[in-house]
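S.K.: Right, I'll just put the structure down here and ask away after.
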Amino acid sequence: MKLNGQYIKLEETQHLDNFLKASGYNIDTIAVELNGEIIPKSVYCDTLVDDAAEMEVVRFVGGG
Amino acid sequence: MKFILNGREVQAEETTAYKVREKYGKPTDIIIFNGFQIDGDRPITENDILNIITKGAMPQREELESMLAARHTPGVHSRIKSGKVAIAGLGGLGSNIAVMLARIGVGQLLLVDFDIVEPSNLNRQCYNIGHLGLLKTRALKSQLEAINPFISVKTRNVRVTGSNVKELFEGYDIICEAFDRPDSKAVLVNTALKELKTVKLVAASGMAGYDSSNLIRTVQPMKRLYVCGDLENGAGVGNGLMAPRVMICAGHQANMVLRLLVGADQV
């Protein structure tokens with residue numbers, strides 16, 4: 001799969017929320033685009049990610 | 001030949017800038033020629049844009065608007081003037097972005113913030129002592145009116161949530177995300193991209209402290225999302241927010257807005 005422009009191997013298809021947590025993301029401070037679509041946080045646990053996926057994860061830090 | 005003088009089309013025989021000044025102005029007036037103040041004579045060609053400005057004199061209102069845009073890169077003013085930009089959050093980023101967009105003449109601005117000005121804001125936000133206690137929307141709008149009276153500035157005194165994003169920002173071309181909390185940034189970006197199908201977002205992440213200015217940059221992680229900042233330095237206990245880096249980030253955001261309005265959508 002492609003994550004933020006880099007190819008990585010996804011060993012098994014999994015739910016997006018598990019993938020994000022395992023990758024160390026805080027799901028309250030990110031935006032996720034999967035295969036060109038923005039994914040609402042409420043459906044992370046219902047969305048599957050496989051090794052053909054193309055994903056962008058933007059992490060926000062505080063300040064402004 | 002036809003050229004533009006102080007915002008009006010003029011048909012005249014004068015062939016150089018100094019000759020135009022001699023006819024229409026005073027010898028000591030400054031001449032801005034296609035966006036640049038000249039200090040030597042130049043020939044004029046068809047459709048050149050001249051502004052002849054008497055320093056110290058208040059111009060007629062109809063000339064003032066063209067003088068405000070006199071130093072713009074030629075050709076961009078009408079595209080900027082038709083721009084509709086919302087600024088969500090009027091703190092260190094938002095207040096400074098608003099001033100920059102007003103200066104360049106973005107035609108319609110929407111300022112959104114629920115908060116009032118307090119003293120710790122002044123180390124980075126575009127307010128002054130006379131604004132303490134005022135709603136940020138009110139304090140900022142009055143400053144913008146004094147900078148550029150030719151733009152429209154609307155305000156909303158609300159806290160942005162997932163449920164009011166669509167109603168607040170529908171109809172705007174670009175939303176500047178200028179919040180402080182990272183969870184608020186995520187809610188706005190996610191909701192706006194999902195529910196407003198054509199809007200572009202210029203968001204911010206990472207501008208704390210006094211680390212190198214050169215770490216602040218603009219990236220485009222998604223088709224309709226730009227993010228400005230160093231992407232790392234979050235504000236927190238021990239990591240403050242100060243005017244220089246905050247305003248560099250605000251400058252990145254304002255310039256990205258300008259680029260989008262004139263059709264340059266690469267970072």
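Residues are referred to by chain and number: the chain letter is A, B, ... according to the order shown in the structure tokens, the number counts from 1 in that chain, and ligands are numbered separately from 1 in the order shown.
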Any idea which chain B residues end up within 8 Å of chain A if we count only C-alpha atoms, as a PyMOL selection string please?
M.R.: chain B and resi 91-94+178-186+189-191+193-194+204-208+221-222+231-236+241+246
S.K.: If you count only C-alpha atoms, which residues fall within 10 Å of Glu54 of chain A, apart from same-chain ones fewer than 3 positions away, as a list of chain:residue names?
M.R.: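 Returned residues: A:Met1, A:Lys2, A:Leu3, A:Asn4, A:Gly5, A:Gln6, A:Tyr7, A:Glu33, A:Leu34, A:Asn35, A:Gly36, A:Val49, A:Asp50, A:Asp51.
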S.K.: Any chance you could export the current selection's N, CA and C atoms as a short mmCIF file (atom, residue, chain, number, x, y, z; two decimals), in the first residue's frame?
M.R.:
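File produced: part.cif:
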data_model
loop_
_atom_site.label_atom_id
_atom_site.label_comp_id
_atom_site.auth_asym_id
_atom_site.auth_seq_id
_atom_site.Cartn_x
_atom_site.Cartn_y
_atom_site.Cartn_z
N MET A 1 0.84 -1.20 0.00
CA MET A 1 0.00 0.00 0.00
C MET A 1 0.88 1.25 0.00
N LYS A 2 0.23 2.36 -0.30
CA LYS A 2 0.98 3.62 -0.33
C LYS A 2 0.48 4.49 0.82
N LEU A 3 1.39 4.91 1.67
CA LEU A 3 1.03 5.76 2.80
C LEU A 3 1.87 7.03 2.73
N ASN A 4 1.19 8.18 2.58
CA ASN A 4 1.89 9.46 2.50
C ASN A 4 3.02 9.42 1.49
N GLY A 5 2.73 8.84 0.34
CA GLY A 5 3.69 8.84 -0.75
C GLY A 5 4.73 7.74 -0.72
N GLN A 6 4.78 6.95 0.36
CA GLN A 6 5.78 5.87 0.47
C GLN A 6 5.10 4.51 0.36
N TYR A 7 5.74 3.61 -0.34
CA TYR A 7 5.18 2.25 -0.43
C TYR A 7 5.57 1.47 0.83
N GLU A 33 -7.35 10.43 3.99
CA GLU A 33 -7.91 10.26 2.65
C GLU A 33 -7.51 8.88 2.17
N LEU A 34 -8.49 8.07 1.80
CA LEU A 34 -8.23 6.69 1.36
C LEU A 34 -8.74 6.54 -0.05
N ASN A 35 -7.83 6.18 -0.96
CA ASN A 35 -8.20 6.03 -2.38
C ASN A 35 -8.98 7.24 -2.88
N GLY A 36 -8.51 8.42 -2.51
CA GLY A 36 -9.08 9.65 -3.04
C GLY A 36 -10.29 10.20 -2.29
N VAL A 49 -8.82 -1.52 5.02
CA VAL A 49 -7.61 -1.12 4.30
C VAL A 49 -6.91 -2.39 3.83
N ASP A 50 -6.57 -2.44 2.52
CA ASP A 50 -5.81 -3.61 2.03
C ASP A 50 -4.49 -3.15 1.41
N ASP A 51 -3.72 -4.09 0.88
CA ASP A 51 -2.38 -3.74 0.43
C ASP A 51 -2.39 -2.94 -0.87
#
S.K.: From chain A, collect each residue whose DSSP state is strand (DSSP E) and return the set as a PyMOL selection string.
M.R.: chain A and resi 2-3+6-7+14-15+30-34+37-38+48-49+54-59
S.K.: Quick one: residues within 9 Å of Val165 of chain B, only C-alpha atoms counted, chain neighbours fewer than 6 positions away excluded, as a PyMOL selection string?
M.R.: chain B and resi 188+191-192+195-196
S.K.: What parts of chain A does DSSP call alpha helix (DSSP H)? I'd like the answer as a PDB file with N, CA, C and O atoms, in the first residue's frame.
M.R.:
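Saved as part_36.pdb:
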ATOM      1  N   LEU A  16      -9.512   0.322   9.352  1.00  0.00           N
ATOM      2  CA  LEU A  16      -8.739   1.562   9.347  1.00  0.00           C
ATOM      3  C   LEU A  16      -8.397   2.009  10.761  1.00  0.00           C
ATOM      4  O   LEU A  16      -7.271   2.458  11.015  1.00  0.00           O
ATOM      5  N   ASP A  17      -9.336   1.900  11.693  1.00  0.00           N
ATOM      6  CA  ASP A  17      -9.035   2.398  13.044  1.00  0.00           C
ATOM      7  C   ASP A  17      -7.877   1.600  13.667  1.00  0.00           C
ATOM      8  O   ASP A  17      -7.013   2.183  14.315  1.00  0.00           O
ATOM      9  N   ASN A  18      -7.848   0.297  13.427  1.00  0.00           N
ATOM     10  CA  ASN A  18      -6.737  -0.512  13.959  1.00  0.00           C
ATOM     11  C   ASN A  18      -5.421  -0.150  13.294  1.00  0.00           C
ATOM     12  O   ASN A  18      -4.382  -0.044  13.950  1.00  0.00           O
ATOM     13  N   PHE A  19      -5.484   0.039  11.972  1.00  0.00           N
ATOM     14  CA  PHE A  19      -4.268   0.420  11.241  1.00  0.00           C
ATOM     15  C   PHE A  19      -3.704   1.734  11.780  1.00  0.00           C
ATOM     16  O   PHE A  19      -2.502   1.866  12.024  1.00  0.00           O
ATOM     17  N   LEU A  20      -4.597   2.704  11.997  1.00  0.00           N
ATOM     18  CA  LEU A  20      -4.141   4.026  12.457  1.00  0.00           C
ATOM     19  C   LEU A  20      -3.537   3.925  13.857  1.00  0.00           C
ATOM     20  O   LEU A  20      -2.481   4.501  14.134  1.00  0.00           O
ATOM     21  N   LYS A  21      -4.219   3.218  14.736  1.00  0.00           N
ATOM     22  CA  LYS A  21      -3.708   3.093  16.104  1.00  0.00           C
ATOM     23  C   LYS A  21      -2.374   2.361  16.119  1.00  0.00           C
ATOM     24  O   LYS A  21      -1.433   2.779  16.799  1.00  0.00           O
ATOM     25  N   ALA A  22      -2.287   1.293  15.331  1.00  0.00           N
ATOM     26  CA  ALA A  22      -1.031   0.539  15.285  1.00  0.00           C
ATOM     27  C   ALA A  22       0.103   1.384  14.713  1.00  0.00           C
ATOM     28  O   ALA A  22       1.276   1.193  15.052  1.00  0.00           O
TER      29      ALA A  22
END
S.K.: Restricting the calculation to only C-alpha atoms: of B:Ala70, B:Val237, B:Val106, B:Leu135, which residue gets closest to Asn6 of chain B?
M.R.: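 Checking each of B:Ala70, B:Val237, B:Val106, B:Leu135 against Asn6 of chain B, counting only C-alpha atoms, the winner is B:Ala70.
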S.K.: Kindly give the distance, in Å, that separates atom CA of Ala69 of chain B and atom CA of Ile52 of chain B, rounded to a single decimal.
M.R.: 12.5 Å
S.K.: Have a look at B:Leu140, B:Gly162, B:Val99, B:Met67 and name the one nearest to Ile4 of chain B; count only C-alpha atoms.
M.R.: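 Using only C-alpha atoms, Ile4 of chain B sits closest to B:Met67.
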